[in-house]
Structures are given as C-alpha cells and as structure tokens.
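Listing of structure23.txt; format and content: compact mmCIF, C-alpha atoms.
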```txt
# COMPACT_ATOMS: atom_id res chain seq x y z
CA MET A 64 89.13 45.30 83.35
CA GLU A 65 89.31 48.23 85.69
CA LEU A 66 90.88 51.45 84.48
CA ALA A 67 93.57 51.38 87.20
CA THR A 68 94.55 47.83 86.24
CA ALA A 69 94.79 48.79 82.59
CA ILE A 70 96.97 51.79 83.43
CA PHE A 71 99.21 49.60 85.60
CA TYR A 72 99.76 47.17 82.75
CA LEU A 73 100.44 50.07 80.36
CA VAL A 74 103.06 51.58 82.70
CA ALA A 75 104.61 48.17 83.34
CA ALA A 76 104.75 47.49 79.58
CA VAL A 77 106.48 50.84 78.96
CA THR A 78 108.98 50.09 81.74
CA VAL A 79 109.80 46.57 80.58
CA GLY A 80 109.78 47.54 76.90
CA SER A 81 112.29 50.32 77.32
CA ALA A 82 114.40 48.18 79.65
CA ALA A 83 114.46 45.56 76.89
CA MET A 84 115.58 48.30 74.47
CA VAL A 85 118.41 49.13 76.87
CA ALA A 86 119.42 45.48 77.00
CA PHE A 87 119.07 44.55 73.31
CA SER A 88 119.56 47.72 71.25
CA ARG A 89 122.58 47.77 68.95
CA ASN A 90 122.99 51.53 69.14
CA ILE A 91 124.15 53.01 72.44
CA ILE A 92 122.27 56.26 71.81
CA TYR A 93 118.99 54.31 71.63
CA SER A 94 119.98 52.44 74.79
CA ALA A 95 120.65 55.69 76.62
CA PHE A 96 117.38 57.30 75.55
CA SER A 97 115.41 54.15 76.37
CA LEU A 98 116.57 54.53 79.95
CA LEU A 99 114.28 57.59 80.04
CA GLY A 100 111.24 55.35 79.48
CA THR A 101 112.41 52.92 82.15
CA PHE A 102 113.03 55.60 84.77
CA ALA A 103 109.76 57.38 84.04
CA GLY A 104 107.88 54.06 84.10
CA VAL A 105 109.39 53.15 87.46
CA ALA A 106 108.30 56.56 88.76
CA GLY A 107 104.77 55.70 87.60
CA ILE A 108 105.01 52.38 89.46
CA TYR A 109 105.95 54.30 92.63
CA VAL A 110 102.85 56.43 92.19
CA PHE A 111 100.79 53.22 91.98
CA LEU A 112 102.38 52.08 95.24
CA GLY A 113 101.36 55.30 97.00
CA ALA A 114 104.95 56.51 97.29
CA ASP A 115 104.56 60.07 96.07
CA PHE A 116 107.83 61.41 97.49
CA VAL A 117 109.91 58.54 96.10
CA ALA A 118 108.32 59.07 92.69
CA ALA A 119 109.29 62.75 92.76
CA VAL A 120 112.82 61.87 93.86
CA GLN A 121 113.02 59.29 91.08
CA VAL A 122 112.08 61.86 88.44
CA LEU A 123 114.43 64.50 89.87
CA ILE A 124 117.52 62.34 90.41
CA TYR A 125 117.23 59.59 87.81
CA VAL A 126 115.65 61.45 84.90
CA GLY A 127 117.13 64.86 85.73
CA GLY A 128 120.53 63.76 86.99
CA ILE A 129 121.76 60.28 86.20
CA LEU A 130 120.25 60.10 82.71
CA VAL A 131 121.80 63.43 81.72
CA LEU A 132 125.13 62.25 83.14
CA ILE A 133 124.94 59.02 81.13
CA LEU A 134 124.04 60.93 77.95
CA PHE A 135 127.02 63.25 78.51
CA ALA A 136 129.31 60.27 78.97
CA VAL A 137 127.97 58.67 75.78
CA MET A 138 128.51 61.87 73.79
CA LEU A 139 131.97 62.45 75.25
CA THR A 140 133.36 58.98 74.76
CA HIS A 141 132.08 57.17 71.71
CA ARG A 142 132.99 58.12 68.19
CA ILE A 143 129.70 59.06 66.56
CA THR A 144 130.69 57.60 63.19
CA ASP A 145 131.03 53.94 64.18
CA VAL A 146 127.75 53.68 66.03
CA GLN A 147 127.24 50.06 65.11
CA ILE A 148 130.26 48.67 66.93
CA THR A 149 130.10 50.94 69.97
CA ASN A 150 127.49 48.87 71.77
CA ARG A 151 129.04 45.47 71.14
CA ALA A 152 127.58 42.53 73.03
CA ALA A 153 129.37 39.24 73.61
CA GLY A 154 128.26 35.85 74.86
CA ARG A 155 124.59 36.49 74.15
CA ILE A 156 123.42 32.85 74.13
CA PRO A 157 124.93 31.72 77.48
CA ALA A 158 123.79 34.95 79.11
CA LEU A 159 120.27 34.52 77.72
CA VAL A 160 120.07 30.93 79.01
CA MET A 161 121.36 31.95 82.42
CA VAL A 162 118.99 34.89 82.72
CA ALA A 163 116.03 32.76 81.56
CA VAL A 164 116.74 30.12 84.21
CA PHE A 165 117.22 32.85 86.78
CA ILE A 166 113.93 34.60 86.02
CA ALA A 167 112.05 31.28 86.04
CA LEU A 168 113.44 30.56 89.51
CA LEU A 169 112.59 34.06 90.71
CA VAL A 170 109.00 33.99 89.43
CA GLN A 171 108.43 30.54 90.92
CA THR A 172 109.77 31.70 94.29
CA ILE A 173 107.64 34.85 94.17
CA GLN A 174 104.48 32.86 93.51
CA GLU A 175 105.10 30.13 96.07
CA THR A 176 106.21 32.26 99.01
CA PRO A 177 103.44 33.22 101.45
CA TRP A 178 104.23 36.95 101.70
CA VAL A 179 103.29 38.86 104.83
CA LYS A 180 100.20 40.97 104.20
CA ALA A 181 99.64 44.33 105.83
CA LYS A 182 96.43 44.67 107.82
CA GLU A 183 95.17 47.49 105.67
CA ILE A 184 96.56 49.19 102.59
CA VAL A 185 96.46 52.95 102.92
CA TYR A 186 97.11 55.75 100.46
CA VAL A 187 98.31 58.79 102.42
CA PRO A 188 100.90 61.48 101.63
CA THR A 189 104.28 60.11 102.75
CA THR A 190 106.50 63.19 102.65
CA GLY A 191 105.90 64.23 106.25
CA ALA A 192 106.47 60.72 107.61
CA ILE A 193 109.67 60.35 105.58
CA GLY A 194 110.96 63.69 106.84
CA ASP A 195 110.25 62.70 110.45
CA LEU A 196 112.04 59.37 110.03
CA PHE A 197 115.06 61.00 108.36
CA LEU A 198 115.54 63.35 111.32
CA GLN A 199 114.80 60.74 114.00
CA SER A 200 115.52 57.04 113.47
CA TYR A 201 117.61 57.45 110.30
CA LEU A 202 119.57 60.54 111.32
CA LEU A 203 122.99 58.85 111.20
CA PRO A 204 122.53 57.29 107.73
CA PHE A 205 121.12 60.62 106.56
CA GLU A 206 124.25 62.49 107.69
CA LEU A 207 126.49 59.75 106.29
CA ALA A 208 124.67 60.13 102.96
CA SER A 209 125.75 63.76 102.74
CA LEU A 210 129.35 62.71 103.45
CA VAL A 211 129.17 60.03 100.76
CA LEU A 212 127.81 62.54 98.26
CA LEU A 213 130.59 65.01 99.11
CA ALA A 214 133.21 62.29 98.67
CA ALA A 215 131.63 61.23 95.36
CA LEU A 216 131.60 64.86 94.18
CA ILE A 217 135.28 65.39 94.96
CA GLY A 218 136.20 61.94 93.62
CA ALA A 219 134.40 62.53 90.34
CA VAL A 220 136.10 65.91 89.85
CA VAL A 221 139.55 64.48 90.62
CA LEU A 222 139.03 61.50 88.30
CA ALA A 223 137.54 63.34 85.36
CA ARG A 224 139.77 66.43 85.18
CA LYS A 225 142.52 66.63 82.65
CA GLU A 226 146.04 66.13 83.96
CA ILE A 227 148.02 69.36 83.48
CA LYS A 228 151.61 68.43 82.79
CA GLU A 229 154.16 71.11 83.71
CA MET B 125 92.44 40.13 89.06
CA ALA B 126 93.47 43.00 91.30
CA ILE B 127 97.03 44.22 91.17
CA GLY B 128 98.82 42.71 94.15
CA LEU B 129 102.29 42.32 95.57
CA THR B 130 103.20 39.53 93.15
CA HIS B 131 102.70 41.78 90.12
CA TYR B 132 105.22 44.27 91.41
CA LEU B 133 107.68 41.55 92.44
CA VAL B 134 107.48 39.94 88.99
CA LEU B 135 107.99 43.36 87.37
CA GLY B 136 111.04 43.85 89.58
CA ALA B 137 112.32 40.39 88.66
CA ILE B 138 111.96 41.12 84.93
CA LEU B 139 113.79 44.46 85.28
CA PHE B 140 116.52 42.75 87.31
CA SER B 141 116.98 40.06 84.67
CA LEU B 142 117.20 42.61 81.86
CA GLY B 143 119.78 44.55 83.87
CA LEU B 144 121.74 41.38 84.59
CA TYR B 145 121.68 40.50 80.88
CA THR B 146 122.95 43.98 80.04
CA VAL B 147 125.78 43.74 82.57
CA LEU B 148 126.73 40.25 81.37
CA THR B 149 126.77 40.86 77.63
CA ARG B 150 127.75 44.46 77.01
CA ARG B 151 131.35 45.30 76.25
CA ASN B 152 130.86 49.06 76.53
CA ALA B 153 131.52 50.33 80.06
CA ILE B 154 128.69 52.89 79.86
CA SER B 155 126.21 50.18 78.85
CA VAL B 156 127.35 48.11 81.83
CA LEU B 157 126.59 51.09 84.07
CA MET B 158 123.14 51.35 82.47
CA GLY B 159 122.55 47.72 83.40
CA VAL B 160 123.54 48.49 86.98
CA GLU B 161 120.98 51.30 87.03
CA LEU B 162 118.29 48.86 85.86
CA ILE B 163 119.20 46.46 88.66
CA LEU B 164 119.07 49.24 91.27
CA ASN B 165 115.66 50.33 89.97
CA SER B 166 114.30 46.80 90.26
CA ALA B 167 115.55 46.57 93.85
CA ASN B 168 113.83 49.87 94.59
CA ILE B 169 110.52 48.60 93.17
CA ASN B 170 110.76 45.66 95.57
CA TYR B 171 111.52 47.92 98.54
CA VAL B 172 108.58 50.22 97.85
CA ALA B 173 106.23 47.31 97.03
CA PHE B 174 107.00 45.57 100.32
CA SER B 175 106.66 48.88 102.14
CA HIS B 176 103.20 49.30 100.62
CA PHE B 177 101.81 45.78 100.79
CA SER B 178 103.64 44.05 103.66
CA SER B 179 104.92 46.39 106.34
CA GLY B 180 102.49 49.27 105.96
CA ASN B 181 105.03 51.92 107.04
CA VAL B 182 107.43 54.09 105.07
CA ASP B 183 110.73 52.45 106.12
CA GLY B 184 111.00 50.70 102.76
CA GLN B 185 110.65 54.04 100.99
CA ILE B 186 113.50 55.43 103.11
CA TYR B 187 115.73 52.58 101.91
CA ALA B 188 114.64 53.27 98.34
CA ILE B 189 115.70 56.90 98.74
CA PHE B 190 119.09 55.83 100.11
CA VAL B 191 119.52 53.48 97.15
CA ILE B 192 118.69 56.33 94.74
CA MET B 193 121.25 58.51 96.53
CA LEU B 194 123.93 55.83 96.24
CA ALA B 195 123.01 55.30 92.58
CA ALA B 196 123.63 58.99 91.93
CA ALA B 197 127.04 58.79 93.64
CA GLU B 198 127.84 55.57 91.76
CA ALA B 199 126.89 57.08 88.42
CA ALA B 200 129.00 60.21 89.02
CA VAL B 201 132.12 58.32 90.09
CA GLY B 202 131.61 55.48 87.59
CA LEU B 203 131.22 57.78 84.62
CA ALA B 204 134.19 59.87 85.77
CA ILE B 205 136.27 56.67 85.79
CA VAL B 206 134.95 55.83 82.31
CA LEU B 207 135.98 59.28 81.05
CA ALA B 208 139.44 58.89 82.61
CA ILE B 209 139.82 55.46 80.99
CA PHE B 210 138.74 56.91 77.64
CA GLN B 211 141.38 59.64 77.88
CA LEU B 212 144.04 57.03 78.64
CA PHE B 213 143.14 54.13 76.33
CA HIS B 214 140.90 55.84 73.71
CA THR B 215 138.41 52.99 74.16
CA ILE B 216 135.87 52.05 76.79
CA ASP B 217 135.61 48.41 75.77
CA VAL B 218 135.83 46.61 79.10
CA GLY B 219 137.65 43.72 77.42
CA ALA B 220 140.38 45.95 75.98
CA VAL B 221 141.24 47.74 79.19
CA GLU B 222 143.26 45.12 80.99
CA THR B 223 146.36 46.84 82.30
CA LEU B 224 146.41 48.41 85.72
CA LYS B 225 149.08 50.96 84.94
CA GLU B 226 149.52 53.57 82.25
```
Kindly return the structure encoded in the file as structure tokens.
Amino acid sequence: MELATAIFYLVAAVTVGSAAMVAFSRNIIYSAFSLLGTFAGVAGIYVFLGADFVAAVQVLIYVGGILVLILFAVMLTHRITDVQITNRAAGRIPALVMVAVFIALLVQTIQETPWVKAKEIVYVPTTGAIGDLFLQSYLLPFELASLVLLAALIGAVVLARKEIKE
Amino acid sequence: MAIGLTHYLVLGAILFSLGLYTVLTRRNAISVLMGVELILNSANINYVAFSHFSSGNVDGQIYAIFVIMLAAAEAAVGLAIVLAIFQLFHTIDVGAVETLKE
C-alpha cells in the first residue's frame, strides 16, 4: 500500500471515528471535544483534495471559531453535575434503522453512478484563483456574505444579551 | 487501489449519516447543532471532491467557503438562541421547550 493511501485511510478513520463519538457519546463534553477531531480530519481531507485555501479556512473558522463557540455554549448551559443526563438520546433504534437504510442507498448510488471525470487532475495553489473568482464572477454573493455575517453578528448579540428590566 | 472520487463520496455519506443520526436522536439542542455541523462538513467534502475530480476548476471550493461562512453565522445565531432559551426555561431539552411565549 502506498504511503499516501495509508495516510488517507488514517485521516478518514480519525474523521469518522470522532464523528461517531459525537453521535454516540453519552457525555456532551466528549461530544464537543470529538468535534475537534472531525473538523481537523476534514481539513486533512481538503489537503488531500488539493484545496489548500479551504483547508486553512476550515481550521481557522471551524476549529478556531465554531468549536470554541460550541464549547462556550456547553459550559454556559449544562449543569456540570448531571453530566449523564445532559446528552440524552431518544428513539435510537428507529433512527439507526433509518440511517442504515439511508447510507446503504447512498453508497449504492455512489458506486453505480458514472461520475464525470476531469481530463487531468492537477495539484496547484488555489488561493489566487479563488481570490480572482470572489472579485469577479462571485462578487455579489461575496458582498451578500458580508451582509449576512453582519446580520448574524447583530442577531446573536440581541438574542444572547440579558434583558435589563427597569 | 488508488484513492478516487468514490472514496471521498463514501466518506461524505458516512459523515452525513452520523450527523443525521445525531440530529434525529439527541434531545440536547447543542448536540443537535453539532449534528448540523457534521452534515455541513460532509456536504463540503462532496463539493471539494467534485471540484477536484470532476470539474477541474475551483468553483466547488468557492461554494465550500460559502457553506463554511453560513455555518459560522448559523452557529453564532443558533447558540445565541440556545442561550436565550436556557435563560428562559432553564433547560435546553428540545422536547421540553414547547411553548412559543414566555
């Protein structure tokens, strides 16, 4: 087995393993910290796909931003003492059956579909191309994104602040 | 066997299923949000994989970046709502919070 193949399977195993921890762990703290493995593993997958900029963005925003936000929310909301009941799960069996059927269908579809193949697979730095596209073809979505982020910022502050009663 | 498009698509499918399972079974609102993050990550893997193996340009990566941006906005607003619910009901069990008004 080639070294690259082995590393791919290792990264994929870390990703899926920590995602399974998120899904099945009884303790919400473990779930939250397992997300770190998933996000870092997905960043590794992006590196395998030659998407260097997306990998950096993934590390910055998911690991540095969203994960910290989730950990803060966990610390702020759940009562540390009754850890066992804080991550309650219900309807495990029907959900498991449904998800199993779903993944079987998905994998079958993935294997049977004749996917379009690119003429050649290249590994080049993507940052410059992404920057060009953001300021040319995707200028409007790019500007809208900043508006959405501003709205989310204000919305989050308004929702999370404490109501001061006169 | 070389690593091809199918490997990445199957990985995305597994991540999506785990996220779906999390969303379906968890009763804690923060855990449900974690499941949503898993689902968004799996969609991103598919975008970048197709961009690499099928189209050969970086458009798929642009969509992945937009999804990451929306995930950040979703996490900020979603967790702010969870905190507001916790202040009001002193629980974040999604089954217990069933009234629309204070």
Chain B contacts to chain A at 6 Å (all atoms listed in the file) as a count of residues only: 14
Contacts of B:Gly128 at 10 Å or less, counting only C-alpha atoms, minus same-chain residues fewer than 3 places along, as number ranges by chain? B: 125, 131-133, 173, 177
Quick one: axis-aligned box around all listed atoms of stretch 157-170 of chain B, 3 Å on every side, centre and edge lengths in Å to one decimal, written as JSON.
```
{"center_x": 118.6, "center_y": 48.5, "center_z": 89.0, "size_x": 22.1, "size_y": 11.7, "size_z": 19.1}
```
I'd like the neighbourhood of B:Val160 as a list of chain:residue names, where a residue qualifies if any of its atoms comes within 10 Å (using all atoms listed in the file), though same-chain residues fewer than 6 positions away should be ignored.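 Counting all atoms listed in the file, the residues come to B:Phe140, B:Gly143, B:Leu144, B:Thr146, B:Val147, B:Ile154, B:Ser166, B:Ala195, B:Glu198, B:Ala199.
Taking atom CA of A:Thr172 and atom CA of A:Leu66 as endpoints, the distance between them is 29.0 Å.
Between atom CA of B:Gly202 and atom CA of B:Ile189 the separation is 19.5 Å.
Pairwise distance (atom CA of B:Asp217, atom CA of A:Gly104) equals 29.5 Å.
Taking only C-alpha atoms into account, B:Leu203 lies nearest to A:Met138 out of the set A:Leu123, A:Met138, A:Pro188, A:Glu175.
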Generate N, CA and C atoms for stretch 108-140 of chain A and emit them as a PDB file, in the frame of the given file.
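Okay, this is what ended up in out_23.pdb:
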```pdb
ATOM      1  N   ILE A 108     105.262  53.522  88.556  1.00  0.00           N
ATOM      2  CA  ILE A 108     105.010  52.380  89.460  1.00  0.00           C
ATOM      3  C   ILE A 108     105.011  52.853  90.912  1.00  0.00           C
ATOM      4  N   TYR A 109     105.932  53.769  91.258  1.00  0.00           N
ATOM      5  CA  TYR A 109     105.950  54.300  92.630  1.00  0.00           C
ATOM      6  C   TYR A 109     104.650  55.016  92.943  1.00  0.00           C
ATOM      7  N   VAL A 110     104.120  55.752  91.968  1.00  0.00           N
ATOM      8  CA  VAL A 110     102.850  56.430  92.190  1.00  0.00           C
ATOM      9  C   VAL A 110     101.758  55.403  92.483  1.00  0.00           C
ATOM     10  N   PHE A 111     101.766  54.278  91.731  1.00  0.00           N
ATOM     11  CA  PHE A 111     100.790  53.220  91.980  1.00  0.00           C
ATOM     12  C   PHE A 111     100.921  52.668  93.393  1.00  0.00           C
ATOM     13  N   LEU A 112     102.145  52.646  93.909  1.00  0.00           N
ATOM     14  CA  LEU A 112     102.380  52.080  95.240  1.00  0.00           C
ATOM     15  C   LEU A 112     102.156  53.114  96.327  1.00  0.00           C
ATOM     16  N   GLY A 113     101.642  54.290  95.991  1.00  0.00           N
ATOM     17  CA  GLY A 113     101.360  55.300  97.000  1.00  0.00           C
ATOM     18  C   GLY A 113     102.598  55.963  97.551  1.00  0.00           C
ATOM     19  N   ALA A 114     103.715  55.913  96.807  1.00  0.00           N
ATOM     20  CA  ALA A 114     104.950  56.510  97.290  1.00  0.00           C
ATOM     21  C   ALA A 114     105.203  57.795  96.506  1.00  0.00           C
ATOM     22  N   ASP A 115     104.491  58.854  96.868  1.00  0.00           N
ATOM     23  CA  ASP A 115     104.560  60.070  96.070  1.00  0.00           C
ATOM     24  C   ASP A 115     105.945  60.718  96.131  1.00  0.00           C
ATOM     25  N   PHE A 116     106.535  60.745  97.354  1.00  0.00           N
ATOM     26  CA  PHE A 116     107.830  61.410  97.490  1.00  0.00           C
ATOM     27  C   PHE A 116     108.922  60.664  96.722  1.00  0.00           C
ATOM     28  N   VAL A 117     108.898  59.320  96.822  1.00  0.00           N
ATOM     29  CA  VAL A 117     109.910  58.540  96.100  1.00  0.00           C
ATOM     30  C   VAL A 117     109.760  58.741  94.600  1.00  0.00           C
ATOM     31  N   ALA A 118     108.522  58.846  94.123  1.00  0.00           N
ATOM     32  CA  ALA A 118     108.320  59.070  92.690  1.00  0.00           C
ATOM     33  C   ALA A 118     108.928  60.408  92.268  1.00  0.00           C
ATOM     34  N   ALA A 119     108.719  61.447  93.094  1.00  0.00           N
ATOM     35  CA  ALA A 119     109.290  62.750  92.760  1.00  0.00           C
ATOM     36  C   ALA A 119     110.814  62.695  92.769  1.00  0.00           C
ATOM     37  N   VAL A 120     111.362  61.994  93.785  1.00  0.00           N
ATOM     38  CA  VAL A 120     112.820  61.870  93.860  1.00  0.00           C
ATOM     39  C   VAL A 120     113.351  61.110  92.650  1.00  0.00           C
ATOM     40  N   GLN A 121     112.608  60.069  92.243  1.00  0.00           N
ATOM     41  CA  GLN A 121     113.020  59.290  91.080  1.00  0.00           C
ATOM     42  C   GLN A 121     113.110  60.168  89.846  1.00  0.00           C
ATOM     43  N   VAL A 122     112.068  60.993  89.627  1.00  0.00           N
ATOM     44  CA  VAL A 122     112.080  61.860  88.440  1.00  0.00           C
ATOM     45  C   VAL A 122     113.228  62.861  88.540  1.00  0.00           C
ATOM     46  N   LEU A 123     113.401  63.465  89.740  1.00  0.00           N
ATOM     47  CA  LEU A 123     114.430  64.500  89.870  1.00  0.00           C
ATOM     48  C   LEU A 123     115.821  63.925  89.684  1.00  0.00           C
ATOM     49  N   ILE A 124     116.133  62.829  90.381  1.00  0.00           N
ATOM     50  CA  ILE A 124     117.520  62.340  90.410  1.00  0.00           C
ATOM     51  C   ILE A 124     117.814  61.460  89.209  1.00  0.00           C
ATOM     52  N   TYR A 125     116.908  60.493  88.918  1.00  0.00           N
ATOM     53  CA  TYR A 125     117.230  59.590  87.810  1.00  0.00           C
ATOM     54  C   TYR A 125     117.077  60.285  86.467  1.00  0.00           C
ATOM     55  N   VAL A 126     115.872  60.853  86.214  1.00  0.00           N
ATOM     56  CA  VAL A 126     115.650  61.450  84.900  1.00  0.00           C
ATOM     57  C   VAL A 126     116.463  62.745  84.773  1.00  0.00           C
ATOM     58  N   GLY A 127     116.457  63.576  85.844  1.00  0.00           N
ATOM     59  CA  GLY A 127     117.130  64.860  85.730  1.00  0.00           C
ATOM     60  C   GLY A 127     118.628  64.794  85.938  1.00  0.00           C
ATOM     61  N   GLY A 128     119.114  63.798  86.668  1.00  0.00           N
ATOM     62  CA  GLY A 128     120.530  63.760  86.990  1.00  0.00           C
ATOM     63  C   GLY A 128     121.290  62.652  86.291  1.00  0.00           C
ATOM     64  N   ILE A 129     120.963  61.411  86.651  1.00  0.00           N
ATOM     65  CA  ILE A 129     121.760  60.280  86.200  1.00  0.00           C
ATOM     66  C   ILE A 129     121.655  60.101  84.693  1.00  0.00           C
ATOM     67  N   LEU A 130     120.430  60.287  84.156  1.00  0.00           N
ATOM     68  CA  LEU A 130     120.250  60.100  82.710  1.00  0.00           C
ATOM     69  C   LEU A 130     121.069  61.123  81.929  1.00  0.00           C
ATOM     70  N   VAL A 131     121.035  62.390  82.398  1.00  0.00           N
ATOM     71  CA  VAL A 131     121.800  63.430  81.720  1.00  0.00           C
ATOM     72  C   VAL A 131     123.297  63.118  81.792  1.00  0.00           C
ATOM     73  N   LEU A 132     123.726  62.618  82.963  1.00  0.00           N
ATOM     74  CA  LEU A 132     125.130  62.250  83.140  1.00  0.00           C
ATOM     75  C   LEU A 132     125.523  61.148  82.159  1.00  0.00           C
ATOM     76  N   ILE A 133     124.645  60.133  82.032  1.00  0.00           N
ATOM     77  CA  ILE A 133     124.940  59.020  81.130  1.00  0.00           C
ATOM     78  C   ILE A 133     124.993  59.514  79.680  1.00  0.00           C
ATOM     79  N   LEU A 134     124.042  60.407  79.318  1.00  0.00           N
ATOM     80  CA  LEU A 134     124.040  60.930  77.950  1.00  0.00           C
ATOM     81  C   LEU A 134     125.323  61.714  77.682  1.00  0.00           C
ATOM     82  N   PHE A 135     125.758  62.514  78.667  1.00  0.00           N
ATOM     83  CA  PHE A 135     127.020  63.250  78.510  1.00  0.00           C
ATOM     84  C   PHE A 135     128.170  62.286  78.298  1.00  0.00           C
ATOM     85  N   ALA A 136     128.208  61.228  79.100  1.00  0.00           N
ATOM     86  CA  ALA A 136     129.310  60.270  78.970  1.00  0.00           C
ATOM     87  C   ALA A 136     129.284  59.604  77.605  1.00  0.00           C
ATOM     88  N   VAL A 137     128.066  59.284  77.103  1.00  0.00           N
ATOM     89  CA  VAL A 137     127.970  58.670  75.780  1.00  0.00           C
ATOM     90  C   VAL A 137     128.513  59.625  74.726  1.00  0.00           C
ATOM     91  N   MET A 138     128.067  60.896  74.792  1.00  0.00           N
ATOM     92  CA  MET A 138     128.510  61.870  73.790  1.00  0.00           C
ATOM     93  C   MET A 138     130.013  62.103  73.877  1.00  0.00           C
ATOM     94  N   LEU A 139     130.564  62.102  75.095  1.00  0.00           N
ATOM     95  CA  LEU A 139     131.970  62.450  75.250  1.00  0.00           C
ATOM     96  C   LEU A 139     132.898  61.312  74.872  1.00  0.00           C
ATOM     97  N   THR A 140     132.410  60.061  74.944  1.00  0.00           N
ATOM     98  CA  THR A 140     133.360  58.980  74.760  1.00  0.00           C
ATOM     99  C   THR A 140     133.282  58.310  73.391  1.00  0.00           C
TER     100      THR A 140
END
```
